[in-house]
Amino acid sequence: MPTRRAAVGGLGGVALAALAGDAVAQATLFEGVTFDSRGKAIRAIYYPAQGDVRGGGVVMMHGSGARIRSAGPWHELALSFAGDGYAVLTPLYVDAAPDDGRRPPSVMAAWRRVGLDGADWLAARAEVEPERIGLFGYSLGSYVAVDGALGAGHAGAAIGLAGGVDVYTPRNPRRHIPVLVIRAENDTHVKPVNTAAWVDFMRDHDVPVRVQVLRDADHILNTQQWAEVFTRSAEFFDGNIGRRRDRIRP
């Protein structure tokens, strides 16, 4: 049985409460879970929606070398989304295929599938509509999340943070859901020119893309910059998957 734990805090504790309101300042439940993706057991942390529950969800895809933990900025970002009323799932997608650095197409496909299967699991567990789930990814996970959501599944929106064509070559999209790309102004790991090329590729294929810049930020973000990521992401998700209403296209 998964262990249920209570956590208090967030992006700097007081900062999180200010971002997401009183609901997140209260204890937020989360639990370790597993779900199946093409016969692979995928470990994840599930965060039930808190406060003013929206009936939507967010699947968060980590960056290269990351591990899901009930501590740190990734966990705190998930708490922020949960405190904003979304059911949240943070899968360890490398459980589907290990990251050896070469990342052949079969590995990338397995990782993308984890995001889509995670969205289906979240929809069944949290009773949210699949098309009102957003995929969010950071660095390598930005490609996994956005390219996966544009290729298949039912997700209603996707966000890529600190991603670009140097992460992986994007595929021609089959779906045209709204995408938000957030880039760090001084990113030396995923260079801005490569993020721009990714955005141009999507726009050339009729994907509605909005771009936002984190000023004075590098690839590794500090607490204040993660707080800004949440603010920008929450606004975007609110306009596209946040409530049962017509989506606001970027």
# chains A, B, ... in the order shown; residues from 1 in each chain; ligands from 1

call {"tool": "select_by_dssp", "arguments": {"residues": "segment 3-240 of chain A", "states": "helix (DSSP H, G or I)", "output": "count of residues only"}}
result
94

call {"tool": "residues_around", "arguments": {"residues": "Ala41 of chain A", "least_positions_apart": "3", "cutoff": "8 Å", "atoms": "only C-alpha atoms", "output": "VMD selection string"}}
result
chain A and resid 34 to 37 95 to 96

call {"tool": "residues_around", "arguments": {"residues": "segment 159-175 of chain A", "least_positions_apart": "6", "cutoff": "6 Å", "atoms": "only C-alpha atoms", "output": "PyMOL selection string"}}
result
chain A and resi 136-140+142+150-151+181-183+194-195+198

call {"tool": "residues_around", "arguments": {"residues": "Pro91 of chain A", "least_positions_apart": "5", "cutoff": "8 Å", "atoms": "only C-alpha atoms", "output": "count of residues only"}}
result
12

call {"tool": "select_by_dssp", "arguments": {"residues": "segment 108-148 of chain A", "states": "strand (DSSP E)", "output": "list in words"}}
result
Ile133, Gly134, Leu135, Phe136, Gly137 and Tyr138 of chain A

call {"tool": "atom_distance", "arguments": {"atom1": "atom CA of Gln225 of chain A", "atom2": "atom CA of Gly65 of chain A"}}
result
20.3 Å

call {"tool": "closest_atom_pairs", "arguments": {"of": "segment 168-244 of chain A", "to": "segment 154-157 of chain A", "cutoff": "6 Å", "atoms": "only C-alpha atoms", "output": "Markdown table"}}
result
| residue | atom | partner | partner_atom | distance |
| --- | --- | --- | --- | --- |
| A:Ile177 | CA | A:Ala157 | CA | 5.5 |
| A:Pro178 | CA | A:Ala157 | CA | 5.1 |
| A:Val179 | CA | A:Ala157 | CA | 5.9 |

call {"tool": "write_last_selection", "arguments": {"atoms": "N, CA, C and O atoms", "output": "compact mmCIF listing (two decimals), in the first residue's frame"}}
result
# COMPACT_ATOMS: atom_id res chain seq x y z
N ILE A 177 -2.60 21.56 -29.74
CA ILE A 177 -3.05 22.14 -28.47
C ILE A 177 -2.17 23.34 -28.11
O ILE A 177 -1.06 23.48 -28.62
N PRO A 178 -2.63 24.21 -27.22
CA PRO A 178 -1.82 25.36 -26.82
C PRO A 178 -0.55 24.93 -26.08
O PRO A 178 -0.59 24.02 -25.25
N VAL A 179 0.55 25.60 -26.38
CA VAL A 179 1.84 25.31 -25.75
C VAL A 179 2.44 26.61 -25.20
O VAL A 179 2.40 27.65 -25.88

call {"tool": "residues_around", "arguments": {"residues": "Arg112 of chain A", "least_positions_apart": "2", "cutoff": "7 Å", "atoms": "only C-alpha atoms", "output": "MDAnalysis selection string"}}
result
chainID A and resid 108:110 114:116 144:145 148

call {"tool": "write_last_selection", "arguments": {"atoms": "N, CA, C and O atoms", "output": "compact mmCIF listing (two decimals), in the first residue's frame"}}
result
# COMPACT_ATOMS: atom_id res chain seq x y z
N MET A 108 13.05 7.42 -26.35
CA MET A 108 12.24 8.63 -26.31
C MET A 108 10.74 8.30 -26.39
O MET A 108 9.92 8.92 -25.71
N ALA A 109 10.41 7.32 -27.22
CA ALA A 109 9.00 6.91 -27.35
C ALA A 109 8.48 6.36 -26.02
O ALA A 109 7.34 6.63 -25.63
N ALA A 110 9.31 5.57 -25.34
CA ALA A 110 8.89 5.00 -24.05
C ALA A 110 8.66 6.11 -23.03
O ALA A 110 7.70 6.06 -22.24
N VAL A 114 5.07 7.35 -21.13
CA VAL A 114 4.84 7.48 -19.69
C VAL A 114 3.99 8.71 -19.39
O VAL A 114 3.07 8.65 -18.56
N GLY A 115 4.28 9.83 -20.05
CA GLY A 115 3.49 11.03 -19.83
C GLY A 115 2.03 10.83 -20.19
O GLY A 115 1.13 11.26 -19.45
N LEU A 116 1.78 10.18 -21.31
CA LEU A 116 0.41 9.96 -21.75
C LEU A 116 -0.31 8.95 -20.87
O LEU A 116 -1.48 9.13 -20.51
N VAL A 144 9.93 15.67 -23.66
CA VAL A 144 9.10 14.50 -23.38
C VAL A 144 7.64 14.90 -23.21
O VAL A 144 6.73 14.26 -23.75
N ALA A 145 7.41 15.99 -22.48
CA ALA A 145 6.04 16.43 -22.21
C ALA A 145 5.38 17.03 -23.44
O ALA A 145 4.28 16.62 -23.85
N GLY A 148 5.29 14.72 -26.62
CA GLY A 148 4.34 13.66 -26.37
C GLY A 148 2.91 14.13 -26.49
O GLY A 148 2.07 13.50 -27.13

call {"tool": "atom_distance", "arguments": {"atom1": "atom CA of Tyr93 of chain A", "atom2": "atom CA of Ala126 of chain A"}}
result
20.1 Å

call {"tool": "residues_around", "arguments": {"residues": "His189 of chain A", "least_positions_apart": "2", "cutoff": "9 Å", "atoms": "only C-alpha atoms", "output": "VMD selection string"}}
result
chain A and resid 162 187 191 218 to 219

call {"tool": "write_last_selection", "arguments": {"atoms": "C-alpha atoms", "output": "compact mmCIF listing (two decimals), in the first residue's frame"}}
result
# COMPACT_ATOMS: atom_id res chain seq x y z
CA ALA A 162 14.19 25.25 -20.60
CA ASP A 187 20.61 29.54 -20.24
CA LYS A 191 20.84 27.87 -25.58
CA ASP A 218 20.24 30.27 -16.08
CA HIS A 219 19.32 26.62 -16.60

call {"tool": "closest_residue", "arguments": {"among": "A:Pro105, A:Pro98, A:Pro192, A:Gly239", "to": "Ser64 of chain A", "atoms": "only C-alpha atoms"}}
result
A:Pro98

call {"tool": "closest_residue", "arguments": {"among": "A:Val58, A:Ala124, A:Gly72, A:Asp117", "to": "Thr223 of chain A", "atoms": "only C-alpha atoms"}}
result
A:Gly72

call {"tool": "closest_residue", "arguments": {"among": "A:Arg125, A:Glu228, A:Ile241, A:His176", "to": "Ser80 of chain A", "atoms": "only C-alpha atoms"}}
result
A:Glu228

call {"tool": "atom_distance", "arguments": {"atom1": "atom CA of Tyr86 of chain A", "atom2": "atom CA of Gly141 of chain A"}}
result
19.7 Å

call {"tool": "residues_around", "arguments": {"residues": "Ala123 of chain A", "least_positions_apart": "6", "cutoff": "8 Å", "atoms": "only C-alpha atoms", "output": "list in words"}}
result
Gly57, Glu129, Pro130 and Ile133 of chain A

call {"tool": "write_last_selection", "arguments": {"atoms": "N, CA, C and O atoms", "output": "PDB file, in the first residue's frame"}}
result
ATOM      1  N   GLY A  57      -5.939  18.503 -14.192  1.00  0.00           N
ATOM      2  CA  GLY A  57      -4.752  17.856 -13.662  1.00  0.00           C
ATOM      3  C   GLY A  57      -3.487  18.294 -14.378  1.00  0.00           C
ATOM      4  O   GLY A  57      -3.536  18.873 -15.463  1.00  0.00           O
ATOM      5  N   GLU A 129     -11.294  15.217 -16.475  1.00  0.00           N
ATOM      6  CA  GLU A 129     -11.414  14.943 -17.899  1.00  0.00           C
ATOM      7  C   GLU A 129     -10.031  14.899 -18.536  1.00  0.00           C
ATOM      8  O   GLU A 129      -9.213  15.801 -18.304  1.00  0.00           O
ATOM      9  N   PRO A 130      -9.714  13.870 -19.332  1.00  0.00           N
ATOM     10  CA  PRO A 130      -8.375  13.768 -19.918  1.00  0.00           C
ATOM     11  C   PRO A 130      -7.961  15.001 -20.701  1.00  0.00           C
ATOM     12  O   PRO A 130      -6.798  15.397 -20.665  1.00  0.00           O
ATOM     13  N   ILE A 133      -6.215  17.881 -18.738  1.00  0.00           N
ATOM     14  CA  ILE A 133      -4.936  17.634 -18.089  1.00  0.00           C
ATOM     15  C   ILE A 133      -3.846  18.315 -18.908  1.00  0.00           C
ATOM     16  O   ILE A 133      -3.827  18.244 -20.131  1.00  0.00           O
TER      17      ILE A 133
END
